[in-house]
Amino acid sequence: MMTTKVTDAPEATQETDVALPSESEPTEATAPHASEAGTTDAPGDAKSTERRKVSVSVRGLVVGAVIVALVAAVAVLGWLYYDARHQRDVQVTQLNNNAHAEQIALDYAVKAATMDYKDLQAWHVNLVAGTSPELNKRLSDAGTSMEQVLVPLQWSSVAQPLVAKVRSNTGGVYVVDSFVSVQTKTVQSPEALQSTATYSMTIDSNNNWQITDVGGIGSAMGPK
C-alpha cells in the first residue's frame, strides 16, 4: 500500500499597497476643517468690500455737496457783483444826467440875462435857443414886449454863472433852479449895479434835452 505525502502548498500571498497617512498630509478627518476655514474667510472679505464701497459712496457725496456749495456761492457772489455794478452804473448815469441838466440851465440863464440894447437881436436868439417849439413862440413874444423897456433905458447887462441845482426829476423831465450874478447899467444908473437873477427851468431829456418851460426871465431886470 502506497502512502502519498501531501504537502500543504504555500498560500499565495497578495501584496496590497496601503497608503498610510503621513503626519504632514491632512487626513480625511481634517479635510473638512480646511474647507470650513475657506468658507469662514469669505464673509470677512465681503464685509470689507462693502465697507470700502460705503466709504467711497460717502466720499463721493461729500465731494458732490462741496462742489454744489461752491457753485452756489460763486453764483450768489456773481449776482451780488452784478447788482452792485448795476446800481453803481445807475447812480453814475443819474449824476451825469443831473450835471448835464444843470449845465444846460446855467448856460441858458447866463445868455438870457446878458443884454445890450444896441444888439437885441443877439439876445433874442439866445432867449429861444434850445427851447421847444411851444416855448420858443412864448419867449419870442415876451422878448418883443421887453424891448419896449430895454431900449428907452439903454439897458446893458453882463451875467456870470453862480450855481444850478436839480430840484426834481420825474421820468427824465428835470426841473432846475439856476442863479446868475448880473452887472447892469442903464441911462439912469451909469455905474454898474449888481444883482442876482434866478431862473427855474424844465428840461426834457426824452426830447433831446429841450427846455420846455422857463420862469424868472424878468428877474434879470431887478435893478433899474
# chains A, B, ... in the order shown; residues from 1 in each chain; ligands from 1
$ residues_around --residues "Gln188 of chain A" --least-positions-apart "3" --cutoff "12 Å" --atoms "only C-alpha atoms" --output "JSON, numbers by chain"
{"A": [152, 153, 154, 155, 156, 184, 185, 191, 192, 193, 223, 224]}
$ write_last_selection --atoms "C-alpha atoms" --output "PDB file, in the first residue's frame"
ATOM      1  CA  PRO A 152     -35.571 203.537 -23.608  1.00  0.00           C
ATOM      2  CA  LEU A 153     -33.500 202.565 -20.559  1.00  0.00           C
ATOM      3  CA  GLN A 154     -30.440 201.853 -22.725  1.00  0.00           C
ATOM      4  CA  TRP A 155     -30.147 198.578 -20.882  1.00  0.00           C
ATOM      5  CA  SER A 156     -26.823 196.765 -20.830  1.00  0.00           C
ATOM      6  CA  THR A 184     -26.409 196.125 -15.074  1.00  0.00           C
ATOM      7  CA  LYS A 185     -26.006 199.628 -16.488  1.00  0.00           C
ATOM      8  CA  GLU A 191     -22.469 202.784 -12.638  1.00  0.00           C
ATOM      9  CA  ALA A 192     -22.901 199.053 -12.770  1.00  0.00           C
ATOM     10  CA  LEU A 193     -25.386 197.638 -10.316  1.00  0.00           C
ATOM     11  CA  PRO A 223     -32.352 196.958 -10.715  1.00  0.00           C
ATOM     12  CA  LYS A 224     -33.337 199.792 -12.996  1.00  0.00           C
TER      13      LYS A 224
END
$ select_by_dssp --residues "segment 42-200 of chain A" --states "alpha helix (DSSP H)" --output "PyMOL selection string"
chain A and resi 42-113+120-128+133-153
$ atom_distance --atom1 "atom CA of Ser195 of chain A" --atom2 "atom CA of Ser181 of chain A"
5.9 Å
$ closest_residue --among "A:Tyr117, A:Tyr174, A:Trp123, A:Phe179" --to "Asn206 of chain A" --atoms "only C-alpha atoms"
A:Tyr174
$ closest_residue --among "A:Asn207, A:Thr144, A:Gln103, A:Ser168" --to "Gln121 of chain A" --atoms "only C-alpha atoms"
A:Thr144
$ residues_around --residues "segment 210-214 of chain A" --least-positions-apart "4" --cutoff "7 Å" --atoms "only C-alpha atoms" --output "list in words"
Gly130, Thr131, Ser132, Leu135, Tyr199, Ser200, Met201, Thr202, Ile203, Asp204 and Ser205 of chain A
$ write_last_selection --atoms "N, CA and C atoms" --output "PDB file, in the first residue's frame"
ATOM      1  N   GLY A 130     -32.409 176.365 -27.823  1.00  0.00           N
ATOM      2  CA  GLY A 130     -32.561 175.125 -27.060  1.00  0.00           C
ATOM      3  C   GLY A 130     -33.926 174.916 -26.460  1.00  0.00           C
ATOM      4  N   THR A 131     -34.919 175.713 -26.883  1.00  0.00           N
ATOM      5  CA  THR A 131     -36.261 175.582 -26.327  1.00  0.00           C
ATOM      6  C   THR A 131     -37.165 174.799 -27.283  1.00  0.00           C
ATOM      7  N   SER A 132     -38.248 174.280 -26.726  1.00  0.00           N
ATOM      8  CA  SER A 132     -39.231 173.548 -27.537  1.00  0.00           C
ATOM      9  C   SER A 132     -39.986 174.537 -28.432  1.00  0.00           C
ATOM     10  N   LEU A 135     -42.467 176.726 -26.432  1.00  0.00           N
ATOM     11  CA  LEU A 135     -41.816 177.733 -25.593  1.00  0.00           C
ATOM     12  C   LEU A 135     -41.121 178.789 -26.447  1.00  0.00           C
ATOM     13  N   TYR A 199     -33.570 181.715 -12.224  1.00  0.00           N
ATOM     14  CA  TYR A 199     -34.368 181.107 -13.287  1.00  0.00           C
ATOM     15  C   TYR A 199     -34.780 179.703 -12.849  1.00  0.00           C
ATOM     16  N   SER A 200     -36.004 179.348 -13.176  1.00  0.00           N
ATOM     17  CA  SER A 200     -36.484 177.983 -12.964  1.00  0.00           C
ATOM     18  C   SER A 200     -36.821 177.397 -14.328  1.00  0.00           C
ATOM     19  N   MET A 201     -36.181 176.277 -14.658  1.00  0.00           N
ATOM     20  CA  MET A 201     -36.349 175.693 -15.986  1.00  0.00           C
ATOM     21  C   MET A 201     -36.789 174.246 -15.905  1.00  0.00           C
ATOM     22  N   THR A 202     -37.601 173.874 -16.891  1.00  0.00           N
ATOM     23  CA  THR A 202     -37.985 172.469 -17.068  1.00  0.00           C
ATOM     24  C   THR A 202     -37.291 171.962 -18.323  1.00  0.00           C
ATOM     25  N   ILE A 203     -36.544 170.891 -18.174  1.00  0.00           N
ATOM     26  CA  ILE A 203     -35.751 170.345 -19.284  1.00  0.00           C
ATOM     27  C   ILE A 203     -36.156 168.891 -19.492  1.00  0.00           C
ATOM     28  N   ASP A 204     -36.502 168.565 -20.724  1.00  0.00           N
ATOM     29  CA  ASP A 204     -36.969 167.217 -21.053  1.00  0.00           C
ATOM     30  C   ASP A 204     -35.834 166.430 -21.722  1.00  0.00           C
ATOM     31  N   SER A 205     -35.248 165.485 -20.972  1.00  0.00           N
ATOM     32  CA  SER A 205     -34.158 164.680 -21.533  1.00  0.00           C
ATOM     33  C   SER A 205     -34.660 163.692 -22.577  1.00  0.00           C
TER      34      SER A 205
END
$ residues_around --residues "Val163 of chain A" --least-positions-apart "3" --cutoff "8 Å" --atoms "only C-alpha atoms" --output "list in words"
Leu106, Ser178, Phe179 and Val180 of chain A
$ residues_around --residues "Val166 of chain A" --least-positions-apart "5" --cutoff "8 Å" --atoms "only C-alpha atoms" --output "PDB file with N, CA and C atoms, in the first residue's frame"
ATOM      1  N   ASN A  98     -27.919 164.670 -14.123  1.00  0.00           N
ATOM      2  CA  ASN A  98     -28.168 165.860 -13.307  1.00  0.00           C
ATOM      3  C   ASN A  98     -27.202 166.987 -13.672  1.00  0.00           C
ATOM      4  N   ALA A 101     -28.159 168.490 -17.040  1.00  0.00           N
ATOM      5  CA  ALA A 101     -29.330 169.368 -16.935  1.00  0.00           C
ATOM      6  C   ALA A 101     -28.959 170.687 -16.267  1.00  0.00           C
ATOM      7  N   GLU A 102     -28.139 170.614 -15.226  1.00  0.00           N
ATOM      8  CA  GLU A 102     -27.722 171.836 -14.532  1.00  0.00           C
ATOM      9  C   GLU A 102     -26.866 172.726 -15.431  1.00  0.00           C
ATOM     10  N   TYR A 174     -36.504 167.173 -15.993  1.00  0.00           N
ATOM     11  CA  TYR A 174     -35.787 167.812 -14.891  1.00  0.00           C
ATOM     12  C   TYR A 174     -36.307 169.232 -14.667  1.00  0.00           C
ATOM     13  N   VAL A 175     -36.488 169.562 -13.388  1.00  0.00           N
ATOM     14  CA  VAL A 175     -36.768 170.951 -13.006  1.00  0.00           C
ATOM     15  C   VAL A 175     -35.516 171.464 -12.310  1.00  0.00           C
ATOM     16  N   VAL A 176     -34.929 172.540 -12.876  1.00  0.00           N
ATOM     17  CA  VAL A 176     -33.633 173.019 -12.405  1.00  0.00           C
ATOM     18  C   VAL A 176     -33.739 174.499 -12.028  1.00  0.00           C
ATOM     19  N   ASP A 177     -33.197 174.822 -10.874  1.00  0.00           N
ATOM     20  CA  ASP A 177     -33.076 176.224 -10.461  1.00  0.00           C
ATOM     21  C   ASP A 177     -31.652 176.682 -10.725  1.00  0.00           C
TER      22      ASP A 177
END
$ atom_distance --atom1 "atom CA of Thr196 of chain A" --atom2 "atom CA of Ala109 of chain A"
11.1 Å
$ atom_distance --atom1 "atom CA of Ile104 of chain A" --atom2 "atom CA of Asp116 of chain A"
22.2 Å
$ closest_residue --among "A:Ala164, A:Leu61, A:Met115, A:Val187" --to "His100 of chain A" --atoms "only C-alpha atoms"
A:Ala164
$ select_by_dssp --residues "segment 35-217 of chain A" --states "strand (DSSP E or B)" --output "ChimeraX atom specification"
/A:115-116,131,156-170,173-185,193-204,210-215
$ closest_residue --among "A:Ala105, A:Val90, A:Leu139, A:Leu150" --to "Lys118 of chain A" --atoms "only C-alpha atoms"
A:Leu150
$ residues_around --residues "Ala159 of chain A" --least-positions-apart "4" --cutoff "8 Å" --atoms "only C-alpha atoms" --output "PDB file with C-alpha atoms, in the first residue's frame"
ATOM      1  CA  VAL A 110     -26.275 183.427 -18.433  1.00  0.00           C
ATOM      2  CA  LYS A 111     -27.251 184.079 -22.062  1.00  0.00           C
ATOM      3  CA  ALA A 113     -29.565 187.616 -18.591  1.00  0.00           C
ATOM      4  CA  THR A 114     -26.938 189.154 -20.885  1.00  0.00           C
ATOM      5  CA  VAL A 180     -26.512 184.100 -12.086  1.00  0.00           C
ATOM      6  CA  SER A 181     -24.805 187.289 -10.987  1.00  0.00           C
ATOM      7  CA  VAL A 182     -25.782 190.268 -13.156  1.00  0.00           C
ATOM      8  CA  GLN A 183     -23.988 193.618 -13.578  1.00  0.00           C
TER       9      GLN A 183
END
